[in-house]
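Here is the structure we will look at.
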Amino acid sequence: MRITVFLSVLLLFACNMHMQTSPSDPHSFSNPQEVVIRHLSLNLNVDFNEKKLSGYAELTIENKTGTKELKLDSRNLQIEKAEADGKETRFHLSEPVSAFGSCLSVSITPQTKKVKVYYHTLPGAEALQWLNPEQTAGGIHPFLFTQSQAILARTWIPVQDSPGVRFTYDANITSPPSLMALMSAENDTTLHADGVYHFNMPQPVPSYLMALAVGDLRFHAYDHRCGVFAEPAMIDNAAYEFADMPAMIDSASLLYGDYRWGRYDVLVLPPSFPFGGMENPRLTFATPTVIAGDRSLTSLIAHELAHSWSGNLVTNATWNDFWLNEGFTTYFEMRIMEKIYGKPYADMLSKISLEELKHTIEDMGDTNPDTRLFLDLKGRNPDDGVTDIAYEKGRMFLTLLEQTVGRMRWDVFLKNYFNEYAFKSVTTAQFEKYLNDHLLTDDEKKKVIVAQWIYRPGLPDDCPEIVSDELLKAETAANDFVSGKEVNHETFKGWTTHHFLHYMRSLPEKLSLSQLYFLDKNLGFNAVQNAEIRCQWLQLCIKNDYRPAYGNLENFLTAVGRRKFVRPLYKQLAATPAGKEFALKVYETARPGYHSVTRKSIDEILGWEQTH
Ligand code: BES
Ligand code: ZN
């Protein structure tokens with residue numbers, strides 16, 4: 001009895017301190033320096049009626065220091081029981097701390113090999129989105145998907161939720177018999193009549209790459225190593241759109257080394273998926289809004305595929321090092337695009353992104369610490385660090401390095417880097433040292449001020465410029481339109497999505513209603529289904545209060561939950577009282593259909609929490 005009391009006090013003490021995070025990761029309560037997870041066996045039942053996952057997570061651990069306590073991350077999980085090597089053991093949950101949740105401390109001995117945690121998820125588990133049939137393309141079956149990055153894995157699995165901890169996993173998922181379950185692991189491509197699916201992930205992965213989806217799904221194979229999953233109503237369009245996947249895998253492997261994950265498949269999710277894509281290993285999750293019908297938005301697949309090297313193979317050690325994942329991936333994405341579609345096409349995409357980066361820095365302010373590549377997100381939600389900076393400033397830095405040393409040396413360096421750090425995590429400082437030791441000569445070190453790029457805000461003066469003749473065509477056409485020249489329809493022949501986007505971005509902020517009416521009627525912008533063009537058009541309409549587009553706007557905001565699209569639209573609406581009123585009305589209906597990630601962003605923009 002006395003021992004029990006003593007143990008409880010000890011555990012209470014260990015976990016109750018305010019946000020006592022891991023010394024190596026400010027966003028995790030775990031203690032991987034002492035004891036670390038090596039393997040996870042997950043056994044979960046998917047209950048659509050109660051919107052609940054229940055079962056257990058069995059963790060195989062390595063106790064390095066003989067510690068008596070395994071600290072896990074958990075948020076909003078109902079923990080039922082914990083066992084250490086088959087015997088019930090004590091556990092304690094600390095008071096929750098906002099986005100970080102609670103430290104789940106489990107008593108172990110220095111000899112404990114396996115810790116089993118029985119639990120179920122609670123309503124509002126932020127990683128999970130439970131969709132009603134009406135939110136799917138088919139309209140008949142419900143759908144579930146997870147989104148674990150950055151720190152949401154802990155809302156559906158009790159783990160050491162830190163990108164610096166990797167483990168292999170296997171899982172048994174029981175779902176309703178008519179639905180297919182998929183994970184970021186080895187997947188069957190056929191429906192199992194009993195609803196029981198077994199998964200295996202033999203390569204060690206960080207927790208943010210844990211993913212599960214359950215729905216009425218079909219598979220289309222491109223070849224023996226890759227294919228696409230989608231709802232039956234979407235599968236043909238999806239199969240057409242992503243047909244360049246095999247070529248992308250070939251190009252990527254030629255550039256930076258073998259693809260190490262076995263298969264590469266893409267799962268097309270319903271439109272409420274909050275991101276464009278998510279690089280879940282072996283199974284990228286993708287928004288249906290990239291299915292434009294003309295394969296014009298598939299650089300997203302190149303991006304998620306590139307993460308199979310930058311991110312999934314070589315992983316940012318903490319979310320402060322996020323640029324190591326996204327900057328490298330955005331650079332790699334461009335190289336894949338260039339290889340497959342040629343330099344003019346890749347330059348067009350690059351130029352558009354660079355322009356966006358400049359706008360972002362202008363908006364954030366060029367002394368804003370969040371415009372540094374190496375971030376300080378301690379005590380903050382890592383979601384705050386998800387901006388263009390990691391992606392585009394990161395990419396431009398790598399482009400500058402490429403230009404400084406030449407592509408030949410750069411590509412060898414990068415390939416070696418991926419091999420050197422394969423299945424490991426990297427800090428920004430480690431990368432910097434590797435760069436100085438293995439790439440840059442003393443002369444080159446004087447030329448590129450690495451520290452300025454990584455540790456200082458704003459965009460350095462030596463940022464490479466990108467020229468795109470293709471985009472110049474769009475700029476000329478926009479200028480002609482503004483100066484009142486007669487519009488010649490020949491001008492738009494052969495234009496891609498990106499030409500149209502650049503065309504609209506090159507127009508002045510203020511347009512007259514008759515100009516908008518002209519664009520609407522002659523270029524048919526208000527009827528375009530392509531989500532990128534539609535979103536850009538709608539922004540133009542909000543800025544100029546072009547009312548005939550507001551029905552379209554309302555439909556778009558209710559049908560699509562991709563944050564990149566809905567956020568700027570709500571933001572612009574919120575800039576005027578009438579717009580805000582309209583936004584609140586639409587949001588009231590749309591909000592229940594959004595994923596928690598999108599909801600959180602829009603709640604902030606509209607001050608939803610204060611008023612509801
Ligand atoms: N890994 C990211 C998505 C992400 C980042 C989720 C941070 C949660 C936190 C993914 O690879 C990504 O970058 N997606 C982009 C698309 C890409 C083409 C720029 C997106 O969703 O917009
Ligand atoms: Zn990415």
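By order of appearance in the structure tokens: chains A, B, ..., then residues from 1 within every chain, and ligands from 1 in the order shown.
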Query - Neighbour list for region 158-174 of chain A as a PyMOL selection string, cut-off 8 Å, only C-alpha atoms, skip fewer than 4 positions in-chain - result: chain A and resi 25+27-32+36-46+57+71-74+77+104+117+151+153-154+181+195-208+315-319+423-425
Do you have, as CSV, the list of residues of chain A lying at most 8 Å from ligand 2, each with its nearest atom pair and that distance in Å to one decimal, counting only C-alpha atoms and all ligand atoms and ordered by chain then number?
```
residue,atom,partner,partner_atom_place_in_ligand_line,distance
A:Gly277,CA,ligand 2,1 (Zn),7.4
A:Met278,CA,ligand 2,1 (Zn),6.9
A:Glu279,CA,ligand 2,1 (Zn),7.0
A:His303,CA,ligand 2,1 (Zn),6.2
A:Glu304,CA,ligand 2,1 (Zn),6.0
A:His307,CA,ligand 2,1 (Zn),6.6
A:Asn325,CA,ligand 2,1 (Zn),6.9
A:Glu326,CA,ligand 2,1 (Zn),4.9
A:Thr329,CA,ligand 2,1 (Zn),6.2
A:Thr330,CA,ligand 2,1 (Zn),7.1
A:Tyr391,CA,ligand 2,1 (Zn),7.7
```
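What separates CA of Leu584 (chain A) from CA of Leu501 (chain A) is a distance of 27.3 Å.
The residue that comes closest to ligand 1, out of A:Glu432, A:Glu402, A:Asp442, A:Asp383 and on the basis of only C-alpha atoms and all ligand atoms, is A:Asp383.
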Query - Surrounding residues as a PyMOL selection string, ligand 1, max 10 Å, only C-alpha atoms and all ligand atoms - result: chain A and resi 147-152+208-209+273-280+284-287+290+297-307+311-312+319+322+325-327+329-330+333+353+382-388+390-392+562-565+597
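Closest approach to Tyr434 (chain A) from the set A:Ala478, A:Val106, A:Leu144, A:Leu414 is made by A:Leu414, with distances taken over only C-alpha atoms.
Distance annotation: of A:Lys415, A:Glu444, A:Ala125, A:Ala213, the residue with the minimal separation from Thr146 (chain A) is A:Ala213; atom set is only C-alpha atoms.
With CA of Met396 (chain A) on one side and CA of Cys463 (chain A) on the other, the separation reads 6.5 Å.
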Query raised in the report: region 237-242 of chain A: which residues within 10 Å, counting only C-alpha atoms, same-chain residues fewer than 2 positions away excluded, as an MDAnalysis selection string?
Result: chainID A and resid 219:222 227:235 244:246 248 266:268 288 290:299 301
Report task. Check region 275-369 of chain A with DSSP on the backbone and list each residue it calls strand (DSSP E), as a ChimeraX atom specification. Result -> /A:277-278,283-286,314-316
Requested in this report: Using DSSP on the backbone, list every residue of region 510-589 of chain A that comes out as alpha helix (DSSP H), and give them as a ChimeraX atom specification.
Outcome: /A:513-523,531-543,550-559,563-573,577-589
Written selection (C-alpha atoms) as an mmCIF file, in the first residue's frame:
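Below is the file that was written, result04.cif:
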```
data_model
loop_
_atom_site.group_PDB
_atom_site.id
_atom_site.type_symbol
_atom_site.label_atom_id
_atom_site.label_comp_id
_atom_site.auth_asym_id
_atom_site.auth_seq_id
_atom_site.Cartn_x
_atom_site.Cartn_y
_atom_site.Cartn_z
ATOM 1 C CA LEU A 513 -17.951 45.725 -62.187
ATOM 2 C CA SER A 514 -18.102 45.882 -65.943
ATOM 3 C CA GLN A 515 -14.546 44.506 -66.175
ATOM 4 C CA LEU A 516 -15.489 41.621 -63.889
ATOM 5 C CA TYR A 517 -18.654 41.069 -65.860
ATOM 6 C CA PHE A 518 -16.559 40.866 -68.995
ATOM 7 C CA LEU A 519 -14.182 38.271 -67.494
ATOM 8 C CA ASP A 520 -17.158 36.319 -66.201
ATOM 9 C CA LYS A 521 -18.964 36.265 -69.534
ATOM 10 C CA ASN A 522 -16.039 36.027 -71.946
ATOM 11 C CA LEU A 523 -13.577 33.828 -70.099
ATOM 12 C CA ALA A 531 -10.396 24.711 -57.778
ATOM 13 C CA GLU A 532 -7.223 26.813 -58.118
ATOM 14 C CA ILE A 533 -8.732 29.093 -60.768
ATOM 15 C CA ARG A 534 -12.054 29.195 -58.966
ATOM 16 C CA CYS A 535 -10.430 30.271 -55.709
ATOM 17 C CA GLN A 536 -8.377 32.996 -57.411
ATOM 18 C CA TRP A 537 -11.434 34.263 -59.271
ATOM 19 C CA LEU A 538 -13.521 34.338 -56.106
ATOM 20 C CA GLN A 539 -10.841 36.386 -54.345
ATOM 21 C CA LEU A 540 -11.013 38.901 -57.145
ATOM 22 C CA CYS A 541 -14.804 38.979 -56.783
ATOM 23 C CA ILE A 542 -14.733 39.519 -53.023
ATOM 24 C CA LYS A 543 -12.224 42.351 -53.315
ATOM 25 C CA TYR A 550 -21.517 35.020 -54.388
ATOM 26 C CA GLY A 551 -23.658 31.964 -55.089
ATOM 27 C CA ASN A 552 -20.581 30.269 -56.516
ATOM 28 C CA LEU A 553 -18.592 31.454 -53.494
ATOM 29 C CA GLU A 554 -21.092 29.991 -51.064
ATOM 30 C CA ASN A 555 -21.118 26.668 -52.908
ATOM 31 C CA PHE A 556 -17.334 26.482 -52.977
ATOM 32 C CA LEU A 557 -16.984 27.265 -49.264
ATOM 33 C CA THR A 558 -19.542 24.621 -48.336
ATOM 34 C CA ALA A 559 -18.278 21.907 -50.676
ATOM 35 C CA ARG A 563 -7.599 25.143 -45.874
ATOM 36 C CA LYS A 564 -5.426 26.720 -48.550
ATOM 37 C CA PHE A 565 -8.579 27.657 -50.484
ATOM 38 C CA VAL A 566 -11.075 28.549 -47.815
ATOM 39 C CA ARG A 567 -8.715 30.529 -45.591
ATOM 40 C CA PRO A 568 -7.964 33.390 -48.002
ATOM 41 C CA LEU A 569 -11.621 33.609 -48.975
ATOM 42 C CA TYR A 570 -12.836 33.962 -45.379
ATOM 43 C CA LYS A 571 -9.974 36.345 -44.652
ATOM 44 C CA GLN A 572 -10.970 38.657 -47.447
ATOM 45 C CA LEU A 573 -14.635 38.454 -46.595
ATOM 46 C CA PRO A 577 -18.649 44.292 -42.240
ATOM 47 C CA ALA A 578 -20.981 43.090 -45.008
ATOM 48 C CA GLY A 579 -18.470 40.480 -46.116
ATOM 49 C CA LYS A 580 -18.041 39.273 -42.577
ATOM 50 C CA GLU A 581 -21.763 38.905 -42.145
ATOM 51 C CA PHE A 582 -21.917 36.816 -45.318
ATOM 52 C CA ALA A 583 -18.903 34.765 -44.148
ATOM 53 C CA LEU A 584 -20.488 34.019 -40.772
ATOM 54 C CA LYS A 585 -23.701 32.910 -42.418
ATOM 55 C CA VAL A 586 -21.899 30.556 -44.790
ATOM 56 C CA TYR A 587 -19.550 29.306 -42.067
ATOM 57 C CA GLU A 588 -22.449 28.365 -39.823
ATOM 58 C CA THR A 589 -23.493 25.794 -42.445
#
```
Report task. Write out as a list in words each polymer residue whose atoms come within 7 Å of Ser272 (chain A), counting only C-alpha atoms; drop sequence neighbours fewer than 2 positions from it. Result -> Pro270, Pro274, Val560, Gly561, Arg562, Gly593, Tyr594 and His595 of chain A
